[in-house]
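So this block is model33.cif, mmCIF, C-alpha atoms:
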data_input
loop_
_atom_site.label_atom_id
_atom_site.label_comp_id
_atom_site.auth_asym_id
_atom_site.auth_seq_id
_atom_site.Cartn_x
_atom_site.Cartn_y
_atom_site.Cartn_z
CA MET A 162 -7.33 -2.12 4.43
CA PRO A 163 -4.77 -0.89 6.89
CA ARG A 164 -5.61 1.98 9.18
CA GLU A 165 -3.22 4.29 7.31
CA PHE A 166 -5.72 4.52 4.47
CA ALA A 167 -8.89 4.54 6.48
CA SER A 168 -10.65 7.66 7.67
CA PRO A 169 -9.44 8.94 11.06
CA GLU A 170 -12.56 7.58 12.74
CA LEU A 171 -12.12 4.13 11.28
CA GLY A 172 -8.40 4.26 11.90
CA ASN A 173 -8.99 4.86 15.58
CA LEU A 174 -11.38 1.95 15.76
CA ILE A 175 -8.90 -0.33 14.03
CA ALA A 176 -6.08 0.69 16.34
CA ALA A 177 -8.11 0.71 19.55
CA ARG A 178 -7.27 -1.87 22.16
CA LEU A 179 -10.05 -4.12 23.30
CA ALA A 180 -11.12 -4.47 26.90
CA PRO A 181 -9.82 -7.64 28.59
CA GLU A 182 -13.30 -9.08 28.95
CA GLU A 183 -13.95 -8.48 25.25
CA ILE A 184 -10.70 -10.23 24.40
CA ASP A 185 -11.70 -13.20 26.53
CA ARG A 186 -15.08 -13.37 24.90
CA ARG A 187 -13.62 -13.31 21.41
CA LEU A 188 -10.88 -15.82 22.09
CA ARG A 189 -13.23 -18.19 23.85
CA ALA A 190 -15.29 -18.35 20.68
CA PRO A 191 -13.09 -20.43 18.43
CA LEU A 192 -13.70 -20.81 14.73
CA ASN A 193 -16.53 -23.17 13.99
CA GLU A 194 -16.22 -25.91 11.42
CA ALA A 195 -17.50 -23.79 8.55
CA GLU A 196 -15.12 -20.93 9.38
CA MET A 197 -12.27 -23.36 9.73
CA ASN A 198 -13.07 -24.67 6.27
CA ASP A 199 -13.13 -21.08 5.03
CA VAL A 200 -9.64 -20.50 6.38
CA ALA A 201 -8.46 -23.76 4.83
CA ASP A 202 -9.94 -22.76 1.47
CA LEU A 203 -8.29 -19.35 1.68
CA VAL A 204 -4.91 -20.74 2.52
CA ARG A 205 -5.14 -23.35 -0.22
CA TRP A 206 -6.19 -20.72 -2.74
CA PHE A 207 -3.49 -18.27 -1.68
CA CYS A 208 -0.75 -20.89 -1.72
CA ARG A 209 -1.92 -22.33 -5.03
CA ARG A 210 -2.05 -18.94 -6.68
CA TYR A 211 1.14 -17.70 -5.01
CA PRO A 212 3.07 -20.89 -4.39
CA THR A 213 6.31 -19.52 -2.97
CA VAL A 214 7.04 -17.25 -0.02
CA LYS A 215 8.40 -14.70 -2.47
CA ASP A 216 5.24 -14.86 -4.59
CA ARG A 217 3.08 -14.23 -1.55
CA LEU A 218 5.14 -11.36 -0.24
CA ASP A 219 5.34 -9.81 -3.70
CA TYR A 220 1.57 -10.09 -4.06
CA ALA A 221 0.95 -8.35 -0.73
CA ARG A 222 3.33 -5.58 -1.61
CA ARG A 223 1.83 -5.12 -5.06
CA LYS A 224 -1.69 -5.01 -3.64
CA MET A 225 -0.73 -2.49 -1.00
CA GLN A 226 0.94 -0.29 -3.58
CA GLN A 227 -2.26 -0.40 -5.60
CA TYR A 228 -4.22 0.87 -2.60
CA GLN A 229 -1.62 3.51 -1.84
CA SER A 230 -1.58 4.73 -5.40
CA GLU A 231 -5.36 5.00 -5.55
CA ALA A 232 -5.62 6.64 -2.13
CA ARG A 233 -2.92 9.16 -2.97
CA ALA A 234 -4.43 10.07 -6.32
CA SER A 235 -7.84 10.40 -4.73
CA SER A 236 -6.62 12.60 -1.88
CA THR A 237 -4.73 14.93 -4.21
CA GLY A 238 -7.65 15.31 -6.58
CA LEU A 239 -5.54 14.15 -9.50
CA PRO A 240 -7.32 12.09 -12.11
CA LEU A 241 -6.95 8.37 -11.51
CA SER A 242 -5.44 6.30 -14.26
CA ALA A 243 -7.47 4.81 -17.09
CA GLU A 244 -6.36 1.38 -15.89
CA ALA A 245 -7.69 2.06 -12.41
CA TYR A 246 -10.98 3.28 -13.85
CA GLU A 247 -11.33 0.23 -16.07
CA GLU A 248 -10.38 -2.15 -13.30
CA SER A 249 -12.75 -0.57 -10.81
CA ALA A 250 -15.64 -0.68 -13.29
CA ARG A 251 -15.05 -4.36 -13.92
CA ARG A 252 -14.77 -5.11 -10.21
CA LEU A 253 -18.03 -3.35 -9.55
CA ALA A 254 -19.80 -5.11 -12.43
CA LYS A 255 -18.48 -8.48 -11.35
CA ALA A 256 -19.52 -7.94 -7.76
CA HIS A 257 -23.01 -6.92 -8.80
CA ARG A 258 -23.34 -9.99 -11.02
CA VAL A 259 -22.50 -12.16 -8.05
CA THR A 260 -25.29 -10.72 -5.93
CA ASP A 261 -27.90 -10.36 -8.66
CA PRO A 262 -28.22 -13.53 -10.75
CA GLY A 263 -30.94 -11.77 -12.74
CA ILE A 264 -28.44 -9.52 -14.47
CA VAL A 265 -28.45 -9.99 -18.21
CA HIS A 266 -26.00 -7.27 -19.26
CA VAL A 267 -23.77 -4.75 -17.53
CA LEU A 268 -22.75 -1.78 -19.63
CA LEU A 269 -20.31 0.96 -18.80
CA ASP A 270 -21.17 4.53 -19.72
CA ARG A 271 -17.59 5.69 -19.65
CA ASP A 272 -17.08 9.07 -18.00
CA PRO A 273 -14.57 10.99 -20.16
CA ASN A 274 -13.24 12.67 -16.99
CA ARG A 275 -12.87 9.33 -15.17
CA GLU A 276 -14.61 10.76 -12.13
CA GLU A 277 -17.66 8.51 -11.96
CA ILE A 278 -18.23 4.91 -12.88
CA ARG A 279 -21.65 4.69 -14.50
CA LEU A 280 -23.09 1.25 -14.94
CA VAL A 281 -26.25 0.29 -16.73
CA GLU A 282 -27.44 -3.02 -15.39
CA VAL A 283 -30.10 -4.84 -17.35
CA THR A 284 -31.64 -7.21 -14.87
CA ARG A 285 -34.70 -9.36 -14.56
CA SER A 286 -34.81 -8.22 -10.92
CA ALA A 287 -35.73 -4.67 -11.90
CA PRO A 288 -39.39 -3.71 -12.31
CA THR A 289 -40.52 -2.13 -15.56
CA THR A 290 -41.44 1.44 -14.66
CA MET A 291 -40.32 3.17 -17.86
CA ASP A 292 -38.90 5.86 -15.58
CA PRO A 293 -35.42 4.68 -14.63
CA LEU A 294 -33.37 6.71 -12.17
CA PRO A 295 -29.70 6.22 -11.43
CA ILE A 296 -28.60 5.54 -7.86
CA ARG A 297 -25.39 7.34 -6.94
CA PHE A 298 -22.71 6.39 -4.43
CA PHE A 299 -19.74 8.22 -3.03
CA ALA A 300 -16.15 7.15 -3.66
CA ARG A 301 -14.70 5.21 -0.75
CA PRO A 302 -10.92 5.37 -1.06
CA ASP A 303 -10.71 4.26 2.57
CA LEU A 304 -12.17 0.95 1.41
CA GLY A 305 -9.99 0.70 -1.66
CA PHE A 306 -12.60 2.05 -4.09
CA SER A 307 -11.61 5.44 -5.41
CA PHE A 308 -14.42 6.35 -7.77
CA ALA A 309 -17.88 7.68 -7.25
CA SER A 310 -20.36 5.41 -8.96
CA ALA A 311 -23.84 5.44 -10.36
CA VAL A 312 -25.99 2.48 -11.27
CA LEU A 313 -28.95 2.61 -13.61
CA LEU A 314 -31.11 -0.49 -13.26
CA LEU A 315 -33.20 -1.41 -16.29
CA SER A 316 -35.56 -4.29 -16.82
CA PRO A 317 -35.13 -6.21 -20.11
CA ASP A 318 -38.28 -4.50 -21.43
CA GLU A 319 -36.89 -1.09 -20.53
CA TRP A 320 -33.61 -1.96 -22.20
CA ALA A 321 -35.46 -2.98 -25.37
CA ALA A 322 -37.23 0.37 -25.27
CA VAL A 323 -33.92 2.18 -24.89
CA GLU A 324 -32.50 0.30 -27.85
CA THR A 325 -35.41 1.24 -30.05
CA GLY A 326 -35.38 4.84 -28.88
CA GLN A 327 -38.74 4.59 -27.13
CA LEU A 328 -37.26 5.29 -23.71
CA GLU A 329 -35.00 8.24 -22.96
CA LEU A 330 -32.05 7.77 -20.69
CA PRO A 331 -31.65 10.15 -17.73
CA GLY A 332 -29.70 13.33 -18.36
CA GLY A 333 -25.97 12.84 -18.68
CA TRP A 334 -26.22 9.24 -19.81
CA SER A 335 -25.43 8.41 -23.41
CA LYS A 336 -26.15 5.19 -25.25
CA SER A 337 -23.40 6.05 -27.71
CA ARG A 338 -20.79 5.58 -24.99
CA PHE A 339 -22.04 2.22 -23.74
CA GLU A 340 -19.52 -0.58 -23.55
CA LEU A 341 -20.44 -4.11 -22.61
CA LEU A 342 -18.55 -5.32 -19.54
CA MET B 58 -16.28 -6.62 -3.60
CA PHE B 59 -15.62 -3.58 -1.50
CA ALA B 60 -17.52 -1.44 -3.92
CA LEU B 61 -20.41 -3.82 -3.93
CA CYS B 62 -20.73 -3.71 -0.19
CA VAL B 63 -20.47 0.05 -0.15
CA ALA B 64 -22.86 0.55 -2.99
CA ARG B 65 -25.51 -1.67 -1.49
CA SER B 66 -25.08 -0.33 1.98
CA THR B 67 -27.61 2.42 1.60
CA THR B 68 -30.32 -0.06 0.81
CA SER B 69 -29.32 -3.24 2.56
CA SER B 70 -27.99 -3.29 6.05
CA SER B 71 -27.20 -6.99 5.88
CA GLN B 72 -24.84 -6.56 2.96
CA CYS B 73 -23.39 -3.45 4.47
CA GLY B 74 -22.28 -5.54 7.39
CA ASN B 75 -19.72 -7.33 5.30
CA THR B 76 -17.84 -4.13 4.78
CA SER B 77 -18.27 -2.26 7.99
CA GLU B 78 -17.36 -5.22 10.13
CA THR B 79 -13.97 -5.31 8.51
CA PHE B 80 -13.28 -2.02 10.18
CA THR B 81 -15.32 -1.88 13.32
CA GLY B 82 -15.44 -5.51 14.26
CA LYS B 83 -18.89 -4.95 15.71
CA CYS B 84 -20.81 -7.16 13.35
CA SER B 85 -18.68 -10.28 13.29
CA PRO B 86 -15.99 -11.78 15.46
CA LYS B 87 -14.03 -12.78 12.35
CA PRO B 88 -13.72 -9.65 10.23
CA THR B 89 -10.46 -10.57 8.57
CA LEU B 90 -12.10 -13.64 7.12
CA VAL B 91 -14.55 -11.42 5.30
CA LEU B 92 -11.84 -9.18 3.93
CA ALA B 93 -9.60 -12.07 2.96
CA ARG B 94 -12.46 -13.81 1.22
CA ALA B 95 -13.22 -10.66 -0.74
CA ILE B 96 -9.61 -10.36 -1.82
CA ALA B 97 -9.54 -14.00 -2.83
CA ALA B 98 -12.68 -13.66 -4.93
CA GLU B 99 -11.38 -10.53 -6.54
CA GLU B 100 -7.97 -11.99 -7.30
CA GLU B 101 -9.43 -15.19 -8.70
CA GLY B 102 -11.43 -13.19 -11.18
CA ALA B 103 -8.48 -11.02 -12.08
CA ALA B 104 -6.29 -13.97 -12.97
CA GLY B 105 -6.64 -13.46 -16.68
CA ARG B 106 -5.97 -9.75 -16.69
CA ARG B 107 -3.14 -9.20 -14.33
CA GLY B 108 -1.57 -6.82 -16.79
CA THR B 109 -4.30 -4.28 -16.38
CA LEU B 110 -4.02 -4.34 -12.60
CA CYS B 111 -0.50 -3.04 -12.37
CA PHE B 112 0.08 0.63 -11.98
CA VAL B 113 2.71 0.20 -9.36
CA GLU B 114 5.05 3.08 -8.82
CA ALA B 115 8.73 2.50 -9.10
CA GLU B 116 10.52 2.89 -5.82
CA VAL B 117 13.95 2.46 -4.39
CA PHE B 118 13.16 -0.08 -1.70
CA ASP B 119 13.66 -3.66 -2.83
CA GLU B 120 12.05 -6.19 -0.55
CA GLY B 121 14.36 -8.93 -1.78
CA ASP B 122 17.40 -6.87 -0.82
CA PHE B 123 15.82 -6.14 2.54
CA PHE B 124 15.26 -9.77 3.42
CA ALA B 125 18.66 -10.73 2.05
CA ALA B 126 20.23 -8.10 4.30
CA LEU B 127 18.37 -9.48 7.30
CA ALA B 128 19.44 -13.03 6.46
CA SER B 129 23.09 -12.21 5.98
CA GLY B 130 23.51 -9.54 8.62
CA GLY B 131 24.08 -11.90 11.51
CA ALA B 132 21.42 -10.39 13.73
CA ARG B 133 18.93 -12.68 15.41
CA VAL B 134 15.76 -11.18 14.05
CA LEU B 135 12.25 -12.56 13.65
CA LEU B 136 9.73 -11.34 11.11
CA ILE B 137 6.48 -10.98 13.03
CA GLY B 138 3.10 -9.37 12.37
CA ARG B 139 1.05 -9.66 9.24
CA ARG B 140 4.06 -9.84 6.94
CA ALA B 141 4.94 -13.13 8.64
CA MET B 142 1.35 -14.31 8.22
CA ILE B 143 1.52 -13.58 4.50
CA ALA B 144 4.76 -15.50 4.14
CA LEU B 145 3.13 -18.43 5.92
CA GLY B 146 0.22 -18.47 3.49
CA LEU B 147 -2.48 -16.27 5.00
CA PRO B 148 -3.99 -13.71 2.60
CA VAL B 149 -3.91 -10.51 4.64
CA LEU B 150 -2.45 -7.11 3.84
CA THR B 151 -0.17 -4.72 5.66
CA ALA B 152 1.79 -1.59 4.94
CA ASP B 153 4.58 -2.13 7.47
CA TYR B 154 7.26 -4.58 8.40
CA ASP B 155 7.42 -5.77 12.00
CA LEU B 156 10.62 -7.25 13.34
CA TRP B 157 11.64 -8.56 16.74
CA VAL B 158 15.37 -8.34 17.21
CA HIS B 159 17.50 -9.79 19.98
CA ILE B 160 18.39 -6.99 22.37
CA ASP B 161 22.11 -7.55 21.78
CA ASP B 162 21.82 -7.46 18.00
CA ILE B 163 20.47 -3.99 17.31
CA GLU B 164 23.77 -2.72 15.97
CA ARG B 165 24.10 -5.70 13.63
CA LEU B 166 20.61 -5.19 12.30
CA ASN B 167 21.13 -1.47 11.77
CA GLN B 168 24.40 -2.13 10.02
CA ALA B 169 22.84 -4.73 7.76
CA VAL B 170 20.26 -2.31 6.40
CA VAL B 171 22.62 0.62 5.84
CA PRO B 172 22.94 -0.23 2.12
CA LEU B 173 19.17 0.13 1.85
CA ASP B 174 19.32 3.61 3.37
CA LEU B 175 17.09 2.51 6.23
CA VAL B 176 17.83 4.76 9.16
CA PRO B 177 16.99 4.07 12.83
CA ASN B 178 15.02 6.81 14.55
CA PHE B 179 16.87 6.17 17.84
CA PRO B 180 20.40 5.06 18.60
CA PRO B 181 20.72 1.54 20.02
CA ASN B 182 21.07 2.57 23.68
CA ILE B 183 17.87 4.60 23.54
CA ALA B 184 16.11 1.89 21.55
CA ARG B 185 16.96 -0.61 24.30
CA GLN B 186 15.44 1.67 26.90
CA ARG B 187 12.33 2.34 24.88
CA GLY B 188 11.85 -1.26 23.81
CA ARG B 189 11.25 -0.40 20.19
CA TYR B 190 12.39 1.78 17.36
CA VAL B 191 11.75 2.35 13.69
CA LEU B 192 13.89 1.89 10.61
CA GLU B 193 12.68 4.19 7.95
CA ASN B 194 13.28 5.71 4.59
CA GLY B 195 10.04 5.64 2.70
CA GLU B 196 9.45 2.20 4.13
CA HIS B 197 8.42 1.79 7.75
CA VAL B 198 10.01 -1.05 9.70
CA ASP B 199 8.87 -1.35 13.32
CA VAL B 200 11.51 -3.05 15.40
CA LEU B 201 10.68 -4.52 18.77
CA VAL B 202 13.57 -4.77 21.20
CA ALA B 203 12.72 -6.83 24.27
CA ARG B 204 14.09 -9.84 26.06
CA SER B 205 10.53 -10.90 26.63
CA ARG B 206 7.06 -9.49 26.48
CA SER B 207 3.77 -10.33 28.11
CA SER B 208 0.24 -10.09 26.83
CA PRO B 209 -2.34 -8.09 28.81
CA ASP B 210 -3.52 -11.35 30.35
CA GLY B 211 -0.03 -12.18 31.56
CA VAL B 212 1.24 -14.76 29.07
CA ARG B 213 4.96 -14.17 28.64
CA LEU B 214 7.07 -14.92 25.59
CA SER B 215 10.85 -14.53 25.62
CA PHE B 216 12.86 -13.81 22.51
CA GLU B 217 15.17 -16.69 23.32
CA ASP B 218 12.29 -19.17 23.36
CA ALA B 219 10.70 -17.74 20.24
CA TRP B 220 14.05 -17.84 18.46
CA ALA B 221 14.67 -21.44 19.51
CA ARG B 222 11.28 -22.48 18.12
CA ARG B 223 11.42 -20.36 14.96
CA GLN B 224 10.47 -21.55 11.49
CA GLU B 225 12.77 -20.79 8.62
CA LEU B 226 11.13 -20.01 5.31
CA SER B 227 13.07 -19.91 2.09
CA ARG B 228 12.19 -16.75 0.19
CA SER B 229 14.68 -17.20 -2.61
CA ALA B 230 18.04 -18.82 -3.15
CA GLY B 231 20.19 -17.96 -0.18
CA THR B 232 17.56 -15.88 1.58
CA THR B 233 15.79 -17.36 4.55
CA LEU B 234 13.22 -15.62 6.68
CA SER B 235 12.89 -16.44 10.35
CA VAL B 236 9.34 -16.33 11.63
CA PRO B 237 7.96 -17.48 14.98
CA ALA B 238 6.32 -20.87 15.41
CA LEU B 239 2.57 -20.54 14.94
CA ASP B 240 1.85 -20.70 18.68
CA ASP B 241 4.42 -17.98 19.30
CA LEU B 242 3.06 -15.87 16.48
CA ILE B 243 -0.32 -16.11 18.18
CA LEU B 244 1.28 -14.92 21.41
CA THR B 245 2.80 -11.91 19.65
CA LYS B 246 -0.67 -11.12 18.35
CA ARG B 247 -1.93 -11.05 21.92
CA TRP B 248 0.37 -8.18 22.86
CA ALA B 249 -1.64 -5.38 21.31
CA MET B 250 -5.07 -7.00 21.44
CA ARG B 251 -6.75 -4.83 18.92
CA ASP B 252 -9.74 -6.00 17.01
CA LYS B 253 -7.67 -7.00 14.01
CA ASP B 254 -5.32 -9.01 16.21
CA ILE B 255 -8.17 -11.21 17.35
CA ALA B 256 -9.15 -11.82 13.75
CA ASP B 257 -5.53 -12.60 12.90
CA ILE B 258 -5.33 -15.06 15.78
CA HIS B 259 -8.33 -16.91 14.38
CA LEU B 260 -6.66 -17.09 10.99
CA ILE B 261 -3.43 -18.43 12.46
CA GLU B 262 -5.39 -20.99 14.45
CA GLY B 263 -7.04 -22.06 11.22
CA LEU B 264 -3.63 -22.44 9.60
CA LYS B 265 -2.44 -24.46 12.58
CA ARG B 266 -5.31 -26.83 12.23
CA LEU B 267 -4.77 -27.11 8.49
CA ARG B 268 -1.19 -28.11 9.16
CA GLY B 269 -2.29 -30.58 11.79
CA GLU B 270 -0.40 -28.84 14.56
#
Written as structure tokens, that's how I'd like the structure from this file.
Amino acid sequence: MPREFASPELGNLIAARLAPEEIDRRLRAPLNEAEMNDVADLVRWFCRRYPTVKDRLDYARRKMQQYQSEARASSTGLPLSAEAYEESARRLAKAHRVTDPGIVHVLLDRDPNREEIRLVEVTRSAPTTMDPLPIRFFARPDLGFSFASAVLLLSPDEWAAVETGQLELPGGWSKSRFELL
Amino acid sequence: MFALCVARSTTSSSQCGNTSETFTGKCSPKPTLVLARAIAAEEEGAAGRRGTLCFVEAEVFDEGDFFAALASGGARVLLIGRRAMIALGLPVLTADYDLWVHIDDIERLNQAVVPLDLVPNFPPNIARQRGRYVLENGEHVDVLVARSRSSPDGVRLSFEDAWARRQELSRSAGTTLSVPALDDLILTKRWAMRDKDIADIHLIEGLKRLRGE
């Protein structure tokens, strides 16, 4: 994320010059073998997916425009597009699946106002308390994520209880809106 | 991936690091690697649904026309900065274009981009004195004007040498981009010496090694 779309504090950090001794320290620490392999993998992936110079430049431009569009909409308070909402929900769900292999289902409780992404995650990692509470997070347009989000973690047993009507969802959440992601 | 890191940051400082280091550089010496890896993972997953990703606004600026104008304008001009890194195959992002033009070719460059309505913020004589200027009209093109430039630690790179060693990349039929050799691109990254420049240098070094240079 370029400094133009970061908060002023982060922007200053990004743009700040490093002290000469810090530069020396960083440059004297070359990439190790694993990091070198990471770079190689990235370059191979990028060049395979975007094989020509034009493809790569077009990709970078498209991606930047996506960030700009989201940041602008967020800063003006205008509702973000349905596509952006959908895409962000799927990104979030995918990212959570990567870090929690215990996830069985991720469901989206679609916010009609497209202000908050509400995910229900049924995961074997969650304890069964029969008193689930959503965890809420702020939007971070400076990091390319323009929606506030809330995650409700349910164990499989809790999910079964929700399905049979034995467990009430927290206020504001509606089973009738759930969509499997 | 960004959202994941943000969301988990309130409960897990180790995962938070992957996001914050991208911006502060305090947690890892290679922040760009983290960001680039996140973009790669995200893009890989999005391969089957590109159509839903695009809500790009229409705009006047056409990058193809811009590079074609540079290629045909007769000015000795190098594409530097992250845009050059992208063209070379490194997955980073940037909002700007950075050019290094020969000090005698400012007028040619300015003339070449007139059809794109890109306007210099200083006339050539002032730009020569200042050592840089901007072409702008919605887009932001930073133009460096210098016979040579040195990094804070005293390593000097002249335009003439960088131009002689340049790589030419074919963008499309008839349009060639001139970018510095990888070692010279690293030197240009040493001019500003911000946190992100160090990370970029590591990426370029990785590319060098991949190419066997």
Original post:
What is the CA of Ala250 in chain A-CA of Gly263 in chain A distance in Å, reported with one decimal?
Top reply: 18.9 Å
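Using the PyMOL selection byres ((chain A and resi 270) around 9) on the file at hand returns these residues: Leu268, Leu269, Arg271, Asp272, Ile278, Arg279, Leu280, Val281, Trp334, Ser335, Lys336, Ser337, Arg338, Phe339 and Glu340 of chain A.
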Restricting the output to C-alpha atoms, write the selected residues as a PDB file, in the frame of the given file.
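Full text of out-v3.pdb as output:
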ATOM      1  CA  LEU A 268     -22.750  -1.780 -19.630  1.00  0.00           C
ATOM      2  CA  LEU A 269     -20.310   0.960 -18.800  1.00  0.00           C
ATOM      3  CA  ARG A 271     -17.590   5.690 -19.650  1.00  0.00           C
ATOM      4  CA  ASP A 272     -17.080   9.070 -18.000  1.00  0.00           C
ATOM      5  CA  ILE A 278     -18.230   4.910 -12.880  1.00  0.00           C
ATOM      6  CA  ARG A 279     -21.650   4.690 -14.500  1.00  0.00           C
ATOM      7  CA  LEU A 280     -23.090   1.250 -14.940  1.00  0.00           C
ATOM      8  CA  VAL A 281     -26.250   0.290 -16.730  1.00  0.00           C
ATOM      9  CA  TRP A 334     -26.220   9.240 -19.810  1.00  0.00           C
ATOM     10  CA  SER A 335     -25.430   8.410 -23.410  1.00  0.00           C
ATOM     11  CA  LYS A 336     -26.150   5.190 -25.250  1.00  0.00           C
ATOM     12  CA  SER A 337     -23.400   6.050 -27.710  1.00  0.00           C
ATOM     13  CA  ARG A 338     -20.790   5.580 -24.990  1.00  0.00           C
ATOM     14  CA  PHE A 339     -22.040   2.220 -23.740  1.00  0.00           C
ATOM     15  CA  GLU A 340     -19.520  -0.580 -23.550  1.00  0.00           C
TER      16      GLU A 340
END
Subject >> Answer key for the PyMOL selection byres ((chain A and resi 200-214) around 9), residues as a ChimeraX atom specification >> reply: /A:195-199,215-220 /B:90,93-94,97,101,143-148,226-229,259-261,263-264,266-267
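Distance check against chain A using all atoms listed in the file: of B:Val202, B:Ile258, B:Ala219, B:Val236, the minimum falls on B:Ile258.
From CA of Leu244 in chain B back to CA of Phe179 in chain B, the distance works out to 26.5 Å.
Look at Ala238 in chain B: the protein and nucleic acid residues within 8 Å of it, using all atoms listed in the file and passing over chain neighbours fewer than 6 places away, are Ala219, Arg222, Arg223 and Gln224 of chain B.
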Original post:
Expressed in Å to a single decimal, how great is the separation between CA of Leu341 in chain A and CA of Arg223 in chain A?
Top reply: 28.4 Å
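Nearest to Ser235 in chain B of all the residues B:Val191, B:Ala126, B:Ile137, B:Met250 is B:Ile137, based on all atoms listed in the file.
All protein, DNA and RNA residues at most 8 Å from (-32.1, 10.8, -11.1) are Pro293, Leu294, Pro295, Ile296 and Pro331 of chain A, using all atoms listed in the file.
Each of B:Ile183, B:Val176, B:Ala128, B:Ala249 was checked against chain A using all atoms listed in the file; the smallest atom-to-atom distance is that of B:Ala249.
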Subject >> Result set, the PyMOL selection byres ((chain A and resi 282-292) around 8) on current file, as a PyMOL selection string >> reply: chain A and resi 261+263-268+280-281+293-294+312-320+328
**OP:** Just give me the residues with any atom within 8 Å of (-13.2, -5.6, -19.2), file coordinates, counting only C-alpha atoms, written as a ChimeraX atom specification.
**Re:** /A:247-248,251,342
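If you measure from each of A:Gln226, A:Ala243, A:Phe308, A:Gln327 to chain B using only C-alpha atoms, the closest one turns out to be A:Gln226.
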